[in-house]
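Visitor: Can you read through this structure? Questions will come right after.
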Amino acid sequence: MRLIVELRTLEHMIQPEVATYGSWKSPITTDLITARTIGLGQIVLDGEDIYWSELRPSEQGRTVVVRRSPNNQIQDVTSAGFNVRTRVHEYGGNSFFVVDGTVYFSNFADQRIYRQNVNTQPQPITPEVPVRYADGVFDRQRQRIICVSEDHSITGHEPTNTLVSLGLEGDSQQLVSGDDFYASPRLSPDGSRLAWLAWNHPNMPWDGTQLWVGEILGDGSLGNSQQIAGGVNESIFQPEWSSDGRLYFISDRTGWWNLYRWQDGEIQALTQIEAEFGRPQWLLGMSTYAFESANRIICTYTQNGIWYLASLDTTTSQLKLLPTPYTDISGIQASPGRVVFRASSPTELTSIVQFDLATEKLEVLRRSSDVTIDPGYLSVPQPIEYPTANGQTAYAIFYPPQNRDYTAPNHEKPPLIVKSHGGPTASTSSSLSFSIQYWTSRGIAVLDVNYGGSTGYGREYRQRLNGQWGIVDVDDCVFGALYLVEQGLVDGERLAISGGSAGGYTTLCALTFRNTFKAGASYYGVSDLEALARDTHKFESRYLDGLIGAYPEQRQIYQQRSPINFTDNLNCPVIFFQGLEDKIVPPNQTEAMVTALRSKGVPVAYVPFAGEQHGFRKAENIKKSLEAELYFYSRIFSFELYESIEPVIIENLG
């Protein structure tokens, strides 16, 4: 009897405290998110060694190359003072490669390529000129690097992209030119042929690319080049040579990114399923498959927002699922008997994972954070489909509030933050994100929307945004919020929307042209489409042709869909975050919007960050932006915060 009484007493002691949504104490703090979390990037295999890149907010956003040796020793390769990041296409990607223990990398500060041997200081092999390099491969026969080059030397003219070879002593040779963009130069195993991707304005790489193959001549130049796949309306992704000299690639010619092989002048389909084996090429060097052997590909694909790992027999085209607990898989690299990749799930942060193909045993090599959070504080993502405008269906992931220590008062419903992802040609993920759990563990629900235009649902869904940016994406965010209100899951009077970059544009459009949301947060968001069309970098300079229309021919549409022109319609509070060195969405766009709201008397807050570009990398700025957004909502939606947060100035707040 005594034991039963003690258990009942203990049960009573741990009953959740009743507290208003938004005011819950959470163990997921901004210090935890920033100080103990790193970004895991590119993976490279070199013999038995495994290399990867780490973005470290605690080191001023520096990216470091790390090596794991066969005896499980992990050490930094690049030393302090070097930041491994290329600015080709501004977004970069594939910024280093390794050959027999020698690392070749692009350094962010000067964009030169450096060579570093074990336990030595990096040495530059390219001159101090305004040229950027990325996506390199090593030509062993000719002892040179073949890579994408982006020349910024002509002031007032868009940079020139080419494929070049770079000798180890600094000499260079132009191999391919004439197209607006290049990616994925890949050498055949015998060094006799080069494959690459090219595309031209106004296409983006997910709209249409060309796959080329050329012969490498005796003097190292290219000859007899031919286009073997792709075009204006076919997107080719990740060409790779197998060890027996056959060329593989991914194409969306059927409406879905599937795997193909080019052999003896013919193209053969290896997979024909309604799934995406490719991703939008915002970054160079993205990898969704790799060769374990000439007859076996290890690949990843997505269906309905979930990524799977699979083995593909190249002789029979049999696709076999490989068991993993992960729902997001990327960066595939393979060698005989093993595959290494980045992976995450609703309960696991991103990790570098090694998979033994014989035993099917997983080994986590590096986690993005060593923090472990009690599951009682984690909101479990719930994928949802819901009706949207024009009788169509949209997709999102819903995160209800969750904190084991708290419950809300009866009949109170939680505030909701609708998140609109960037891109807009991108997608959200169900993977564990402390940046989302930061909100849900405090009692604020989150809806992460894969609006029309997102990837992962086929070319048709991706193209739903063509000519409709600022309409379809906004519809899907609005209808998603209203769907949750109708289901009784959130408070219809406390709806907010938040997004960065293109998601910031969706946010500002939703706040300006609709009346659904009561507050918003714009992270380096677009407010003036004309300014974006006139003043952005080469990679995206014609992106809006597809999303909006040709400029200036269709200038009227640009004006009609620019929130900056309709601030009279905007009557709810907004907080803005902006990097002052942003070349993609320059600060003047955000500052013009802030000025307009200030003069109109609408509550507005502006948080600029010196030294930051498009997206925040420094720990102190990531921390400040999250806390400022939370403080902003607490004032707008009238809930008390448990923790003490540095106030942000909110102008025009009564």
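Each chain in the structure tokens gets a letter, A, B and so on, in the order shown; residues start at 1 in every chain, and ligands are counted from 1 in the order they appear.
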I'd like the contact shell of A:Ile216 - 6 Å cut-off, only C-alpha atoms, skipping same-chain residues fewer than 6 positions apart - returned as an MDAnalysis selection string.
Guide: chainID A and resid 192:193 222
Visitor: Neighbouring residues of A:Thr302 were defined as those with any atom within 12 Å, considering only C-alpha atoms; residues of the same chain fewer than 3 positions away were excluded. Please report them as a PDB file with N, CA and C atoms, in the first residue's frame.
Guide:
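Saved the output as part-v7.pdb:
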ATOM      1  N   TRP A 256       9.921  13.007 -63.697  1.00  0.00           N
ATOM      2  CA  TRP A 256      10.555  12.667 -62.423  1.00  0.00           C
ATOM      3  C   TRP A 256      12.045  12.459 -62.670  1.00  0.00           C
ATOM      4  N   TRP A 257      12.884  12.945 -61.747  1.00  0.00           N
ATOM      5  CA  TRP A 257      14.326  12.739 -61.867  1.00  0.00           C
ATOM      6  C   TRP A 257      14.665  11.272 -61.626  1.00  0.00           C
ATOM      7  N   ASN A 258      14.978  10.545 -62.703  1.00  0.00           N
ATOM      8  CA  ASN A 258      15.347   9.135 -62.613  1.00  0.00           C
ATOM      9  C   ASN A 258      16.741   8.906 -63.212  1.00  0.00           C
ATOM     10  N   ILE A 273      10.359   5.229 -61.898  1.00  0.00           N
ATOM     11  CA  ILE A 273       9.379   5.294 -60.818  1.00  0.00           C
ATOM     12  C   ILE A 273       9.039   6.754 -60.541  1.00  0.00           C
ATOM     13  N   GLU A 274       7.884   6.970 -59.922  1.00  0.00           N
ATOM     14  CA  GLU A 274       7.465   8.323 -59.564  1.00  0.00           C
ATOM     15  C   GLU A 274       8.150   8.720 -58.265  1.00  0.00           C
ATOM     16  N   ALA A 275       9.433   9.019 -58.402  1.00  0.00           N
ATOM     17  CA  ALA A 275      10.277   9.424 -57.282  1.00  0.00           C
ATOM     18  C   ALA A 275      11.361  10.329 -57.833  1.00  0.00           C
ATOM     19  N   GLU A 276      11.953  11.121 -56.956  1.00  0.00           N
ATOM     20  CA  GLU A 276      13.007  12.041 -57.358  1.00  0.00           C
ATOM     21  C   GLU A 276      14.362  11.536 -56.873  1.00  0.00           C
ATOM     22  N   PHE A 277      15.233  11.196 -57.821  1.00  0.00           N
ATOM     23  CA  PHE A 277      16.605  10.817 -57.494  1.00  0.00           C
ATOM     24  C   PHE A 277      17.517  12.051 -57.519  1.00  0.00           C
ATOM     25  N   GLY A 278      17.009  13.185 -57.965  1.00  0.00           N
ATOM     26  CA  GLY A 278      17.803  14.403 -58.051  1.00  0.00           C
ATOM     27  C   GLY A 278      17.322  15.463 -57.085  1.00  0.00           C
ATOM     28  N   ARG A 279      18.115  16.511 -56.990  1.00  0.00           N
ATOM     29  CA  ARG A 279      17.802  17.669 -56.170  1.00  0.00           C
ATOM     30  C   ARG A 279      18.044  18.932 -57.001  1.00  0.00           C
ATOM     31  N   THR A 288      23.547  12.328 -55.250  1.00  0.00           N
ATOM     32  CA  THR A 288      22.501  11.436 -54.743  1.00  0.00           C
ATOM     33  C   THR A 288      22.773   9.979 -55.096  1.00  0.00           C
ATOM     34  N   CYS A 299      22.200   4.620 -54.082  1.00  0.00           N
ATOM     35  CA  CYS A 299      21.511   5.866 -54.404  1.00  0.00           C
ATOM     36  C   CYS A 299      20.493   6.217 -53.329  1.00  0.00           C
ATOM     37  N   GLY A 305       8.179  13.374 -49.577  1.00  0.00           N
ATOM     38  CA  GLY A 305       8.954  14.062 -48.558  1.00  0.00           C
ATOM     39  C   GLY A 305       9.915  13.201 -47.769  1.00  0.00           C
ATOM     40  N   ILE A 306       9.965  11.897 -48.029  1.00  0.00           N
ATOM     41  CA  ILE A 306      10.851  10.985 -47.301  1.00  0.00           C
ATOM     42  C   ILE A 306      11.933  10.475 -48.249  1.00  0.00           C
ATOM     43  N   TRP A 307      13.186  10.535 -47.813  1.00  0.00           N
ATOM     44  CA  TRP A 307      14.307  10.028 -48.608  1.00  0.00           C
ATOM     45  C   TRP A 307      14.673   8.615 -48.172  1.00  0.00           C
ATOM     46  N   TYR A 308      14.954   7.768 -49.167  1.00  0.00           N
ATOM     47  CA  TYR A 308      15.286   6.365 -48.930  1.00  0.00           C
ATOM     48  C   TYR A 308      16.670   6.055 -49.498  1.00  0.00           C
ATOM     49  N   LEU A 309      17.344   5.083 -48.898  1.00  0.00           N
ATOM     50  CA  LEU A 309      18.622   4.588 -49.404  1.00  0.00           C
ATOM     51  C   LEU A 309      18.363   3.275 -50.131  1.00  0.00           C
ATOM     52  N   ALA A 310      18.998   3.104 -51.297  1.00  0.00           N
ATOM     53  CA  ALA A 310      18.742   1.907 -52.096  1.00  0.00           C
ATOM     54  C   ALA A 310      19.997   1.475 -52.841  1.00  0.00           C
ATOM     55  N   TYR A 326      16.719   6.788 -41.247  1.00  0.00           N
ATOM     56  CA  TYR A 326      16.768   8.191 -41.652  1.00  0.00           C
ATOM     57  C   TYR A 326      15.685   8.539 -42.667  1.00  0.00           C
ATOM     58  N   THR A 327      15.300   9.816 -42.661  1.00  0.00           N
ATOM     59  CA  THR A 327      14.275  10.302 -43.593  1.00  0.00           C
ATOM     60  C   THR A 327      14.820  11.357 -44.550  1.00  0.00           C
ATOM     61  N   ASP A 328      16.054  11.789 -44.332  1.00  0.00           N
ATOM     62  CA  ASP A 328      16.710  12.740 -45.244  1.00  0.00           C
ATOM     63  C   ASP A 328      18.147  12.273 -45.440  1.00  0.00           C
ATOM     64  N   ILE A 329      18.509  11.974 -46.686  1.00  0.00           N
ATOM     65  CA  ILE A 329      19.821  11.406 -47.005  1.00  0.00           C
ATOM     66  C   ILE A 329      20.390  12.182 -48.191  1.00  0.00           C
ATOM     67  N   SER A 330      21.665  12.549 -48.112  1.00  0.00           N
ATOM     68  CA  SER A 330      22.291  13.315 -49.187  1.00  0.00           C
ATOM     69  C   SER A 330      23.801  13.111 -49.156  1.00  0.00           C
ATOM     70  N   SER A 427      12.978  22.666 -50.821  1.00  0.00           N
ATOM     71  CA  SER A 427      11.957  21.917 -50.082  1.00  0.00           C
ATOM     72  C   SER A 427      12.320  21.917 -48.616  1.00  0.00           C
ATOM     73  N   SER A 429      12.114  19.745 -44.834  1.00  0.00           N
ATOM     74  CA  SER A 429      12.428  18.372 -44.449  1.00  0.00           C
ATOM     75  C   SER A 429      11.833  18.079 -43.082  1.00  0.00           C
ATOM     76  N   THR A 455      10.540  21.158 -54.628  1.00  0.00           N
ATOM     77  CA  THR A 455      11.025  19.929 -55.240  1.00  0.00           C
ATOM     78  C   THR A 455      10.691  18.729 -54.365  1.00  0.00           C
ATOM     79  N   GLY A 456      10.731  17.560 -55.003  1.00  0.00           N
ATOM     80  CA  GLY A 456      10.429  16.321 -54.303  1.00  0.00           C
ATOM     81  C   GLY A 456       9.103  15.715 -54.710  1.00  0.00           C
ATOM     82  N   TYR A 457       8.331  16.437 -55.544  1.00  0.00           N
ATOM     83  CA  TYR A 457       7.005  15.970 -55.944  1.00  0.00           C
ATOM     84  C   TYR A 457       6.846  15.933 -57.461  1.00  0.00           C
ATOM     85  N   GLY A 458       7.965  15.902 -58.168  1.00  0.00           N
ATOM     86  CA  GLY A 458       7.918  15.813 -59.622  1.00  0.00           C
ATOM     87  C   GLY A 458       7.994  17.164 -60.306  1.00  0.00           C
TER      88      GLY A 458
END
Visitor: Rounded to one decimal, what separation in Å do you get between atom CA of A:Val353 and atom CA of A:Ser311?
Guide: 16.4 Å
Visitor: What lies within 10 Å of A:Arg186 using only C-alpha atoms, ignoring chain neighbours under 5 positions off, as a VMD selection string?
Guide: chain A and resid 135 to 139 146 to 147 191 193 to 197 213 238 to 241 247
Visitor: For A:Gln60, which of A:Ser541, A:Thr126, A:Asn83, A:Ser435 is the closest residue, counting only C-alpha atoms?
Guide: A:Asn83
Visitor: If you run DSSP on the backbone, which residues of stretch 556-639 of chain A are alpha helix (DSSP H), as a count of residues only?
Guide: 38
Visitor: With only C-alpha atoms as the atoms that count, which of A:Ile125, A:Leu211, A:Ile557, A:Val585 lies nearest to A:Glu169?
Guide: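 Looking only at the distances to A:Glu169, the closest residue turns out to be A:Ile125.
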Visitor: With distances taken over only C-alpha atoms, which of A:Tyr461, A:Tyr104, A:Tyr606, A:Tyr289 is nearest to A:Arg144?
Guide: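 Using only C-alpha atoms, A:Arg144 sits closest to A:Tyr104.
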Visitor: I need the residues of stretch 456-637 of chain A that end up classed as strand (DSSP E) by DSSP on the backbone, written out as a ChimeraX atom specification.
Guide: /A:495-500,519-523,574-579,604-609
Visitor: Could those selected residues go to a file with N, CA and C atoms, as an mmCIF file, in the first residue's frame?
Guide:
data_model
loop_
_atom_site.group_PDB
_atom_site.id
_atom_site.type_symbol
_atom_site.label_atom_id
_atom_site.label_comp_id
_atom_site.auth_asym_id
_atom_site.auth_seq_id
_atom_site.Cartn_x
_atom_site.Cartn_y
_atom_site.Cartn_z
ATOM 1 N N LEU A 495 -1.719 34.094 -35.800
ATOM 2 C CA LEU A 495 -1.039 33.436 -36.906
ATOM 3 C C LEU A 495 0.105 34.318 -37.390
ATOM 4 N N ALA A 496 1.295 33.760 -37.462
ATOM 5 C CA ALA A 496 2.462 34.485 -37.970
ATOM 6 C C ALA A 496 3.050 33.713 -39.130
ATOM 7 N N ILE A 497 3.821 34.410 -39.957
ATOM 8 C CA ILE A 497 4.513 33.764 -41.066
ATOM 9 C C ILE A 497 5.954 34.252 -41.077
ATOM 10 N N SER A 498 6.876 33.338 -41.353
ATOM 11 C CA SER A 498 8.298 33.655 -41.298
ATOM 12 C C SER A 498 9.013 32.958 -42.438
ATOM 13 N N GLY A 499 9.969 33.646 -43.055
ATOM 14 C CA GLY A 499 10.731 33.023 -44.131
ATOM 15 C C GLY A 499 11.974 33.818 -44.462
ATOM 16 N N GLY A 500 12.919 33.133 -45.114
ATOM 17 C CA GLY A 500 14.163 33.768 -45.506
ATOM 18 C C GLY A 500 14.348 33.752 -47.004
ATOM 19 N N ALA A 519 1.186 38.779 -37.910
ATOM 20 C CA ALA A 519 2.566 39.230 -37.711
ATOM 21 C C ALA A 519 3.456 38.437 -38.653
ATOM 22 N N GLY A 520 4.678 38.938 -38.839
ATOM 23 C CA GLY A 520 5.595 38.225 -39.722
ATOM 24 C C GLY A 520 7.039 38.554 -39.420
ATOM 25 N N ALA A 521 7.926 37.669 -39.904
ATOM 26 C CA ALA A 521 9.374 37.864 -39.773
ATOM 27 C C ALA A 521 10.000 37.599 -41.132
ATOM 28 N N SER A 522 10.704 38.599 -41.642
ATOM 29 C CA SER A 522 11.365 38.480 -42.939
ATOM 30 C C SER A 522 12.872 38.441 -42.737
ATOM 31 N N TYR A 523 13.471 37.332 -43.154
ATOM 32 C CA TYR A 523 14.926 37.187 -43.128
ATOM 33 C C TYR A 523 15.447 37.432 -44.543
ATOM 34 N N VAL A 574 5.844 43.654 -38.502
ATOM 35 C CA VAL A 574 6.860 42.842 -39.173
ATOM 36 C C VAL A 574 8.222 43.129 -38.549
ATOM 37 N N ILE A 575 9.016 42.078 -38.382
ATOM 38 C CA ILE A 575 10.406 42.235 -37.973
ATOM 39 C C ILE A 575 11.288 41.780 -39.129
ATOM 40 N N PHE A 576 12.333 42.561 -39.414
ATOM 41 C CA PHE A 576 13.220 42.300 -40.543
ATOM 42 C C PHE A 576 14.628 41.986 -40.037
ATOM 43 N N PHE A 577 15.262 40.975 -40.669
ATOM 44 C CA PHE A 577 16.653 40.623 -40.387
ATOM 45 C C PHE A 577 17.431 40.690 -41.697
ATOM 46 N N GLN A 578 18.619 41.302 -41.672
ATOM 47 C CA GLN A 578 19.338 41.530 -42.922
ATOM 48 C C GLN A 578 20.850 41.525 -42.716
ATOM 49 N N GLY A 579 21.566 40.764 -43.551
ATOM 50 C CA GLY A 579 23.017 40.842 -43.606
ATOM 51 C C GLY A 579 23.429 42.027 -44.461
ATOM 52 N N VAL A 604 7.192 47.983 -36.463
ATOM 53 C CA VAL A 604 8.258 47.403 -37.272
ATOM 54 C C VAL A 604 9.542 47.358 -36.461
ATOM 55 N N ALA A 605 10.334 46.303 -36.669
ATOM 56 C CA ALA A 605 11.657 46.176 -36.053
ATOM 57 C C ALA A 605 12.653 45.808 -37.137
ATOM 58 N N TYR A 606 13.853 46.334 -37.029
ATOM 59 C CA TYR A 606 14.904 46.076 -38.018
ATOM 60 C C TYR A 606 16.170 45.662 -37.291
ATOM 61 N N VAL A 607 16.686 44.476 -37.654
ATOM 62 C CA VAL A 607 17.895 43.950 -37.021
ATOM 63 C C VAL A 607 18.927 43.660 -38.113
ATOM 64 N N PRO A 608 19.846 44.609 -38.363
ATOM 65 C CA PRO A 608 20.883 44.378 -39.378
ATOM 66 C C PRO A 608 22.120 43.729 -38.763
ATOM 67 N N PHE A 609 22.870 42.986 -39.588
ATOM 68 C CA PHE A 609 24.080 42.312 -39.118
ATOM 69 C C PHE A 609 25.256 42.661 -40.024
#
Visitor: Taking only C-alpha atoms into account, which of A:Ser293, A:Asn569, A:Asn304, A:Ser625 comes nearest A:Arg338?
Guide: A:Ser293
Visitor: Between atom CA of A:Gly480 and atom CA of A:Ile436, measure the distance and give it in Å to one decimal.
Guide: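 Atom CA of A:Ile436 lies 17.2 Å from atom CA of A:Gly480.
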Visitor: So how far away is atom CA of A:Ser165 from atom CA of A:Asn224, in Å?
Guide: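 These two atoms are separated by 17.8 Å.
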Visitor: Could you tell me which of A:Leu580, A:Val485, A:Ile444, A:Ile74 comes closest to A:Phe616 if we count only C-alpha atoms?
Guide: A:Leu580
Visitor: Would you please work out which residue, of A:Asp491, A:Asp528, A:Glu215, A:Glu646, is nearest to A:Met593 when using only C-alpha atoms?
Guide: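 Checking each of A:Asp491, A:Asp528, A:Glu215, A:Glu646 against A:Met593, counting only C-alpha atoms, the winner is A:Asp528.
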Visitor: Fewer than 3 positions away in the same chain doesn't count, so skip those; otherwise give me all residues within 9 Å of A:Asn515, counting only C-alpha atoms, as an mmCIF file with N, CA, C and O atoms, in the first residue's frame.
Guide:
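Once written, part.cif looks like this:
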data_model
loop_
_atom_site.group_PDB
_atom_site.id
_atom_site.type_symbol
_atom_site.label_atom_id
_atom_site.label_comp_id
_atom_site.auth_asym_id
_atom_site.auth_seq_id
_atom_site.Cartn_x
_atom_site.Cartn_y
_atom_site.Cartn_z
ATOM 1 N N ALA A 510 2.374 37.540 -48.375
ATOM 2 C CA ALA A 510 1.243 37.076 -47.569
ATOM 3 C C ALA A 510 0.775 38.162 -46.611
ATOM 4 O O ALA A 510 -0.437 38.324 -46.376
ATOM 5 N N LEU A 511 1.709 38.928 -46.059
ATOM 6 C CA LEU A 511 1.353 39.985 -45.120
ATOM 7 C C LEU A 511 0.745 41.192 -45.826
ATOM 8 O O LEU A 511 -0.103 41.895 -45.264
ATOM 9 N N THR A 512 1.178 41.425 -47.064
ATOM 10 C CA THR A 512 0.747 42.616 -47.793
ATOM 11 C C THR A 512 -0.558 42.409 -48.550
ATOM 12 O O THR A 512 -1.451 43.271 -48.539
ATOM 13 N N LYS A 518 -1.227 37.797 -38.644
ATOM 14 C CA LYS A 518 -1.248 38.942 -37.738
ATOM 15 C C LYS A 518 0.157 39.483 -37.457
ATOM 16 O O LYS A 518 0.289 40.529 -36.813
ATOM 17 N N LEU A 570 -0.483 46.898 -45.954
ATOM 18 C CA LEU A 570 0.176 46.135 -44.881
ATOM 19 C C LEU A 570 -0.118 46.796 -43.541
ATOM 20 O O LEU A 570 0.313 47.915 -43.275
ATOM 21 N N ASN A 571 -0.857 46.094 -42.715
ATOM 22 C CA ASN A 571 -1.306 46.682 -41.458
ATOM 23 C C ASN A 571 -0.998 45.813 -40.251
ATOM 24 O O ASN A 571 -1.631 45.959 -39.207
ATOM 25 N N CYS A 572 -0.048 44.886 -40.378
ATOM 26 C CA CYS A 572 0.329 44.078 -39.227
ATOM 27 C C CYS A 572 1.836 44.182 -39.007
ATOM 28 O O CYS A 572 2.592 44.511 -39.921
#
Visitor: With a distance cut-off of 6 Å and only C-alpha atoms, select the neighbouring residues of stretch 632-644 of chain A, excluding the residue or stretch itself and same-chain residues fewer than 2 positions from it, and output the selection as number ranges by chain.
Guide: A: 23, 25, 629-630
